[in-house]
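Peer 1: Have a look at this one.
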Amino acid sequence: MTKTVRFLSLVSLVVLALVFSNCKKSTDTQTELITDVELRFTHASGFDQTFTWSDPDGDGGNAPVIDDIVLPVSLDSLHCSIQIWDRSKTPAVNITEEILQEADDHLFVFNIDLNANVLIVYADADTQGNSLGLKTNWITPQAGTTTLRLVLYHEPTNKSNFLDPGGEVDVDVSFPLIIQ
Amino acid sequence: MKYFLFRLVLGTILFVIAVPAQSQECAHVLRGYVYEAETNAPLPYATVYVEALQRGTMTDENGFFSIPDLCMNSRYKMEFKHVECVHLTQEIDLDNRQQYDFFLQHAHVLDEVQIRAQALRPTAVEAESTVDERDLDATKNINLGAALKTLPGVNTLNTGSSVSKPIIHGLHSNRIAIVNNSVPLEGQQWGSEHAPEIDPNTAGTLRVVKGAAAVRYGVGAMAGAVVLERAALRQKKGWGGTLTTGGFSNGRQLYLSGSTDFKQEESPWTFRLQGSWKRGGNLHTPDYFMQNTGLHEGNASFLAQRSGTRWQHEFFASTFNQKLGVLRAAHVGNLSDLQLAIDSPLPRNNTDAFSYAVERPFQHVEHQTAWVKSTLRINPTWKLSAQYAFQYNHRSEYDVVRSSNNDSPQLAFQLWTNMLDLSLEHFPIRNWSGGIGVQALHQLNFVSRGGFIPDFQSAGGSIWAMERWRTFSVPWEFEIGGRYDYKQSHATTSGTLSDLDQTVEFGTLAGSVGLLYRHGSHGRISVHSGLAVRPPSINELFARGVHFASASYEEGNAALVPEQAWNNSLSVEYTGEPIQFSFQFYHNQIRDFIFLEPQAEPVLTVRGAFPAYQYTQSDAIMQGIDAQCKLPLPADLFISSKASILRGKYLLAGTDAYDWLPLLPSDRFELGLGWDHMTASDNEWFVKLSASHVGQQTRYQETGLLADPPPGYTLIALQSTYAFEAFEQSFQIGLDVMNLTNTAYRDYLNFFRYFSDEPGRNVGLRVQWKFS
């Protein structure tokens, strides 16, 4: 009889564990989504403009809205700083700060047609002294039209190989680039 | 229980034979009783038939019978039949004994229409296959897919080496039902990387119904059903069960699995407690470790049964918990990442080292089930059953994230399902047996993280009826069934991304007819025709998002209509001596088949452009052949072989031209040489060496294809077991080697074929103890 009682109490424990294991309540935080990539260009001359790649409804749905980046011809540095936003949340989440905090795990790569004659120099670095790319200096010696492809790599395995840094792509956006 | 009693009877017989033989005289009278095995109650009106003499009789009210004029010291094959029981054929050696006892297992009227769990049932008219007991023992600690893959016509759709979904005759996910202990599994079946939340250790038998089985198993079983049935409960008082432990060399996986039954004397209650645990680390291809391919799993279940003369009640609860690593190298951000991965001979972003650690990306899945079932025998002809089942499925997918202090999942789904079944069945009335039933379903899906599919709430009901005609002297059996299902779903998403608030409702019909012809006691031919209509599922209607494993963008289509499958099959089976074979031909015609169609324009996202796919409909035809045979050789050797061939096409929109359906299994063949040997002391050796060949898929859709299907491959496997008795207990030791030659290969049906080879050689060792 005691055997049975022991068995039954074991059984009821299992059942109770089953019933109560469902009672966890999860907090209602949402997954990160990048909706906006902003490039702000400033120049000593007082030039200050922000160009945005924006897809507020996320993947699919409405097509993204992409600004033309229009820069003046300049032989001294235009300063570029990047801001990454999740504007699907209220308030909007500034992902730039997370990228800065985990700078070692990120790398922005700027791809421009070599013939376009635009020079881009990294103006920041991660804790290891490797490039990051949130801040860059641009020199645009001659007028022309081309395309800028901006890629953000996450957890790159080789940050000095700009052609194939490894890791995976978090952002891969293209802007028309007009220098006039 | 049945086996135990038979063994007892058989044991007595063998003991008696040892008495010196007497001269043969043929005026002996065989006297005996027939009992119902479960209750030990005498069984009146059972037919008893001696095959060799073509003579028979019927038992009286006390289950007694006698057959005169039999020869002393001869062996007779006896057949026992009773309308409520499973036919029993047993050989006896006639001797001086006064009385023989026979035990018949109780049969349930219907071939488990939807809710019935039963170990015994009439022969199916559909094409179906059962996993061999030895194959089940060898594979059930890998996963469900590995066990099912041993059947011809059944393949698995894989995501890496641990996520494995069954494919029946080329169809999978929402189109097949997985019925565990009479309850259809309700999880996030739509996802190709969502493995069924099933512990195969709970199954005593595992079989697959191929073809439209919607009448029995609901709209989910449009292309077939995977049916798990538990082993029969203990009938004798006391404890009994099995304990198995073992491991696999690849991934250094260890597992422990056990099950025990307890029955108290003089009590109507029987209990079963079952559990399993396993842990594995990074798997190894012939050339490198695959980072983050470990897993951790723990499952438990409990069953209580109260058996009375008229009432039977059962209560069941189970929990399934799994943490599954996803190959790190398979995490790609966009299409150029994927192209780089395809072009790279070795996986990118991969650490070639062993570890048990499961890191991001991984899946965490829990599935809880509880059901109660009551059966009332109203009178000898009618039976009423009711079952209520509850299921809770919680799936969380953890992706690689930017912030190292982010410990939340990127996708999480919670699904609650309630099901109520009522059925009224009858034993033969003018040779017709069958029943009718109703079912009600309520389902709530909550997407707590991420998106891809919306939240939804569904309610529905169904009504079914099924009848079967059989009479024992006629070799023909006939079955007919019909079913109507209604389901209403209300899908919503909220937030700034997109707003959805839409209700869809579908009413669908299903029907099936089957004809079975028996040739002697070993041969049978059956023809089955089934119509199944499946309404589009929530993901097909409303999905929206990027599927990262395939780097593609998927979009639902709210205008979809139900698809209609008309499935015809012919099965020929012979299970006698010396040769055993089965052969199945099937033809499946699907109107408005729902599939993902590649779109001309890619979708531009913040991670770059992705190829876009939208759910669309067209007519499709699939047909194929499954065959299996076993041929004995001298010296306990045998040859076994299997083959399956499938072709599937769909009609291109607005044309008369057909294109191949994507992701269909290629032709496969298996040839094995085995040795099945009983030693003098009744210990059993079983060794089988088999070669299986999977051809390259040469019939595929060119559009949207990123890389050619991988070449075909041949794998060698060794399976061996030694079963023995020691200390009055039964033991079994098994040694299995998969991919014996350590062949490097990739499989077309694995989504991760772009990233990595399949696992290399894997040696499995297990010890099983059956205690009683």
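To be explicit about the labels: the chains of the structure tokens are called A, B, and onward in the order shown, and within each one the residues are counted from 1, while ligands get numbers from 1 in the order they are shown.
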Mind dumping a table of every chain A residue within 6 Å of chain B, with the nearest atom pair and its distance in Å to one decimal, using only C-alpha atoms, sorted by chain and rising number, as a Markdown table?

Peer 2:
| residue | atom | partner | partner_atom | distance |
| --- | --- | --- | --- | --- |
| A:Gln30 | CA | B:Arg449 | CA | 5.4 |
| A:Thr31 | CA | B:Gln410 | CA | 5.2 |
| A:Asp57 | CA | B:Leu497 | CA | 4.4 |
| A:Asp59 | CA | B:Thr605 | CA | 5.3 |
| A:Ser88 | CA | B:Thr496 | CA | 5.6 |
| A:Glu168 | CA | B:Gly333 | CA | 4.9 |
| A:Val169 | CA | B:Gly333 | CA | 4.3 |
| A:Asp170 | CA | B:Arg607 | CA | 5.6 |
| A:Val171 | CA | B:Arg607 | CA | 4.3 |
| A:Asp172 | CA | B:Arg607 | CA | 4.4 |
| A:Val173 | CA | B:Gly608 | CA | 5.8 |

Peer 1: For Ala653 in chain B, find every residue with an atom within 10 Å (counting only C-alpha atoms), except residues of its own chain fewer than 2 positions away, and show them as a short mmCIF file (atom, residue, chain, number, x, y, z; two decimals) with N, CA and C atoms, in the first residue's frame.

Peer 2:
data_model
loop_
_atom_site.label_atom_id
_atom_site.label_comp_id
_atom_site.auth_asym_id
_atom_site.auth_seq_id
_atom_site.Cartn_x
_atom_site.Cartn_y
_atom_site.Cartn_z
N THR B 616 0.82 30.54 -54.21
CA THR B 616 -0.07 30.58 -55.34
C THR B 616 -0.63 29.17 -55.54
N GLN B 617 -1.54 29.03 -56.50
CA GLN B 617 -2.20 27.73 -56.68
C GLN B 617 -2.15 27.29 -58.12
N SER B 618 -2.00 26.00 -58.30
CA SER B 618 -2.05 25.42 -59.62
C SER B 618 -2.35 23.94 -59.45
N ASP B 619 -2.66 23.26 -60.56
CA ASP B 619 -2.93 21.83 -60.45
C ASP B 619 -1.62 21.06 -60.44
N TYR B 650 3.69 20.27 -61.74
CA TYR B 650 2.56 21.18 -61.60
C TYR B 650 2.38 21.97 -62.88
N LEU B 651 1.18 22.42 -63.07
CA LEU B 651 0.80 23.13 -64.28
C LEU B 651 1.23 24.58 -64.15
N THR B 655 -0.84 28.15 -68.93
CA THR B 655 -0.29 27.38 -70.05
C THR B 655 -0.74 25.94 -69.93
N ASP B 656 -0.32 25.13 -70.91
CA ASP B 656 -0.58 23.70 -70.82
C ASP B 656 0.68 22.96 -70.37
N ALA B 657 1.73 23.74 -70.12
CA ALA B 657 3.03 23.13 -69.82
C ALA B 657 3.16 22.83 -68.33
N TYR B 658 3.88 21.76 -68.04
CA TYR B 658 4.14 21.36 -66.65
C TYR B 658 5.59 21.62 -66.30
#

Peer 1: Just want the 12 Å neighbourhood of Phe175 in chain A, counted on only C-alpha atoms, with same-chain residues fewer than 5 positions away dropped. Output as a PyMOL selection string.

Peer 2: (chain A and resi 37-39+51-54+64-70+110-112+145-151) or (chain B and resi 606+608)

Peer 1: So, counting only C-alpha atoms, which residue among A:Thr157, A:Gly133, A:Phe47, A:Ile178 is closest to Leu107 in chain A?

Peer 2: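 The closest residue to Leu107 in chain A is A:Gly133.
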
Peer 1: Neighbouring residues of Leu415 in chain B were defined as those with any atom within 9 Å, considering only C-alpha atoms; residues of the same chain fewer than 4 positions away were excluded. Please report them as a ChimeraX atom specification.

Peer 2: /B:186-188,391-395,443-447

Peer 1: Next, write the just-selected residues to a file, as a PDB file, in the first residue's frame, keeping C-alpha atoms as the atom set.

Peer 2:
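again_7.pdb, written as the output of this step:
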ATOM      1  CA  GLU B 186      -0.773  20.651 -33.050  1.00  0.00           C
ATOM      2  CA  GLY B 187       2.360  22.758 -33.297  1.00  0.00           C
ATOM      3  CA  GLN B 188       3.792  25.226 -35.794  1.00  0.00           C
ATOM      4  CA  GLN B 391      -2.032  20.846 -26.133  1.00  0.00           C
ATOM      5  CA  TYR B 392       0.276  23.766 -25.504  1.00  0.00           C
ATOM      6  CA  ASN B 393       3.129  24.455 -27.852  1.00  0.00           C
ATOM      7  CA  HIS B 394       5.756  27.083 -27.159  1.00  0.00           C
ATOM      8  CA  ARG B 395       8.450  27.603 -29.754  1.00  0.00           C
ATOM      9  CA  GLN B 443      -7.044  27.018 -31.204  1.00  0.00           C
ATOM     10  CA  LEU B 444      -5.306  30.191 -30.117  1.00  0.00           C
ATOM     11  CA  ASN B 445      -1.990  31.312 -31.551  1.00  0.00           C
ATOM     12  CA  PHE B 446      -0.031  34.130 -30.039  1.00  0.00           C
ATOM     13  CA  VAL B 447       3.115  35.451 -31.669  1.00  0.00           C
TER      14      VAL B 447
END

Peer 1: From range 495-569 of chain B, collect each residue whose DSSP state is strand (DSSP E) and return the set as a ChimeraX atom specification.

Peer 2: /B:500-519,523-534,544-547,552-555,563-569

Peer 1: How would the residues just chosen look if you wrote them out with N, CA and C atoms as a tab-separated table (two decimals), in the first residue's frame?

Peer 2:
chain	number	residue	atom	x	y	z
B	500	LEU	N	-3.53	43.80	-39.58
B	500	LEU	CA	-4.32	42.77	-40.22
B	500	LEU	C	-5.45	42.44	-39.26
B	501	ASP	N	-6.64	42.35	-39.78
B	501	ASP	CA	-7.78	41.97	-38.96
B	501	ASP	C	-8.75	41.33	-39.92
B	502	GLN	N	-8.63	40.02	-40.06
B	502	GLN	CA	-9.40	39.36	-41.11
B	502	GLN	C	-9.91	38.01	-40.61
B	503	THR	N	-11.12	37.68	-40.99
B	503	THR	CA	-11.68	36.38	-40.63
B	503	THR	C	-11.87	35.56	-41.89
B	504	VAL	N	-11.40	34.32	-41.84
B	504	VAL	CA	-11.61	33.42	-42.98
B	504	VAL	C	-12.36	32.20	-42.48
B	505	GLU	N	-13.20	31.63	-43.33
B	505	GLU	CA	-13.85	30.39	-42.93
B	505	GLU	C	-13.90	29.43	-44.09
B	506	PHE	N	-13.76	28.16	-43.76
B	506	PHE	CA	-13.73	27.13	-44.78
B	506	PHE	C	-14.55	25.93	-44.32
B	507	GLY	N	-15.32	25.38	-45.24
B	507	GLY	CA	-16.01	24.12	-44.99
B	507	GLY	C	-15.48	23.14	-46.01
B	508	THR	N	-15.01	22.00	-45.57
B	508	THR	CA	-14.41	21.06	-46.52
B	508	THR	C	-14.96	19.66	-46.33
B	509	LEU	N	-15.00	18.92	-47.43
B	509	LEU	CA	-15.50	17.56	-47.42
B	509	LEU	C	-14.36	16.59	-47.69
B	510	ALA	N	-14.47	15.42	-47.13
B	510	ALA	CA	-13.49	14.39	-47.43
B	510	ALA	C	-14.24	13.07	-47.55
B	511	GLY	N	-13.74	12.18	-48.38
B	511	GLY	CA	-14.38	10.88	-48.51
B	511	GLY	C	-13.37	9.83	-48.89
B	512	SER	N	-13.70	8.59	-48.60
B	512	SER	CA	-12.79	7.53	-49.01
B	512	SER	C	-13.53	6.22	-49.19
B	513	VAL	N	-13.10	5.46	-50.18
B	513	VAL	CA	-13.62	4.10	-50.37
B	513	VAL	C	-12.44	3.16	-50.53
B	514	GLY	N	-12.57	1.98	-50.02
B	514	GLY	CA	-11.48	1.03	-50.11
B	514	GLY	C	-12.02	-0.38	-50.27
B	515	LEU	N	-11.26	-1.19	-50.99
B	515	LEU	CA	-11.65	-2.56	-51.24
B	515	LEU	C	-10.44	-3.43	-50.95
B	516	LEU	N	-10.67	-4.50	-50.21
B	516	LEU	CA	-9.55	-5.35	-49.83
B	516	LEU	C	-9.88	-6.78	-50.23
B	517	TYR	N	-8.91	-7.44	-50.84
B	517	TYR	CA	-9.09	-8.83	-51.20
B	517	TYR	C	-7.98	-9.64	-50.56
B	518	ARG	N	-8.39	-10.67	-49.81
B	518	ARG	CA	-7.40	-11.53	-49.18
B	518	ARG	C	-7.19	-12.77	-50.01
B	519	HIS	N	-5.93	-13.11	-50.23
B	519	HIS	CA	-5.63	-14.34	-50.93
B	519	HIS	C	-4.97	-15.27	-49.91
B	523	GLY	N	-1.70	-13.32	-48.29
B	523	GLY	CA	-1.68	-12.35	-49.37
B	523	GLY	C	-2.86	-11.41	-49.30
B	524	ARG	N	-2.63	-10.18	-49.70
B	524	ARG	CA	-3.77	-9.28	-49.80
B	524	ARG	C	-3.52	-8.20	-50.84
B	525	ILE	N	-4.60	-7.81	-51.44
B	525	ILE	CA	-4.54	-6.75	-52.45
B	525	ILE	C	-5.56	-5.72	-52.02
B	526	SER	N	-5.19	-4.47	-52.00
B	526	SER	CA	-6.19	-3.48	-51.66
B	526	SER	C	-6.14	-2.29	-52.60
B	527	VAL	N	-7.29	-1.74	-52.83
B	527	VAL	CA	-7.43	-0.57	-53.69
B	527	VAL	C	-8.10	0.50	-52.85
B	528	HIS	N	-7.55	1.68	-52.88
B	528	HIS	CA	-8.12	2.74	-52.05
B	528	HIS	C	-8.20	4.02	-52.85
B	529	SER	N	-9.29	4.72	-52.66
B	529	SER	CA	-9.45	6.00	-53.32
B	529	SER	C	-9.93	7.00	-52.29
B	530	GLY	N	-9.21	8.08	-52.16
B	530	GLY	CA	-9.58	9.05	-51.13
B	530	GLY	C	-9.61	10.46	-51.69
B	531	LEU	N	-10.58	11.22	-51.22
B	531	LEU	CA	-10.67	12.62	-51.59
B	531	LEU	C	-10.46	13.43	-50.32
B	532	ALA	N	-9.53	14.38	-50.38
B	532	ALA	CA	-9.30	15.22	-49.21
B	532	ALA	C	-9.22	16.66	-49.66
B	533	VAL	N	-9.87	17.52	-48.92
B	533	VAL	CA	-9.84	18.94	-49.24
B	533	VAL	C	-9.21	19.65	-48.06
B	534	ARG	N	-8.17	20.41	-48.34
B	534	ARG	CA	-7.46	21.09	-47.25
B	534	ARG	C	-7.57	22.60	-47.43
B	544	ARG	N	4.39	36.73	-43.92
B	544	ARG	CA	5.11	37.83	-44.54
B	544	ARG	C	6.45	37.95	-43.86
B	545	GLY	N	7.52	37.77	-44.61
B	545	GLY	CA	8.82	37.96	-44.01
B	545	GLY	C	9.90	37.18	-44.72
B	546	VAL	N	11.12	37.36	-44.21
B	546	VAL	CA	12.27	36.70	-44.80
B	546	VAL	C	12.56	35.42	-44.04
B	547	HIS	N	12.72	34.34	-44.79
B	547	HIS	CA	13.11	33.06	-44.24
B	547	HIS	C	14.62	32.99	-44.37
B	552	SER	N	15.14	33.83	-48.51
B	552	SER	CA	14.09	34.18	-49.45
B	552	SER	C	12.98	34.89	-48.70
B	553	TYR	N	12.24	35.69	-49.43
B	553	TYR	CA	11.14	36.44	-48.85
B	553	TYR	C	9.84	35.73	-49.21
B	554	GLU	N	9.02	35.43	-48.21
B	554	GLU	CA	7.78	34.71	-48.45
B	554	GLU	C	6.58	35.59	-48.15
B	555	GLU	N	5.60	35.52	-49.02
B	555	GLU	CA	4.41	36.31	-48.78
B	555	GLU	C	3.17	35.45	-48.97
B	563	GLU	N	-7.33	23.42	-51.33
B	563	GLU	CA	-6.83	22.52	-52.36
B	563	GLU	C	-7.49	21.17	-52.22
B	564	GLN	N	-7.66	20.48	-53.35
B	564	GLN	CA	-8.38	19.21	-53.33
B	564	GLN	C	-7.49	18.10	-53.85
B	565	ALA	N	-7.27	17.11	-53.03
B	565	ALA	CA	-6.42	16.01	-53.45
B	565	ALA	C	-7.28	14.78	-53.68
B	566	TRP	N	-7.05	14.15	-54.80
B	566	TRP	CA	-7.72	12.89	-55.08
B	566	TRP	C	-6.62	11.85	-55.22
B	567	ASN	N	-6.60	10.94	-54.27
B	567	ASN	CA	-5.49	10.02	-54.14
B	567	ASN	C	-5.96	8.59	-54.37
B	568	ASN	N	-5.29	7.90	-55.29
B	568	ASN	CA	-5.64	6.50	-55.55
B	568	ASN	C	-4.42	5.63	-55.32
B	569	SER	N	-4.64	4.51	-54.68
B	569	SER	CA	-3.50	3.64	-54.47
B	569	SER	C	-3.87	2.18	-54.62

Peer 1: Please return, as a ChimeraX atom specification, all residues of range 672-757 of chain B that DSSP assigns to helix (DSSP H, G or I) on the basis of the backbone.

Peer 2: /B:751-754
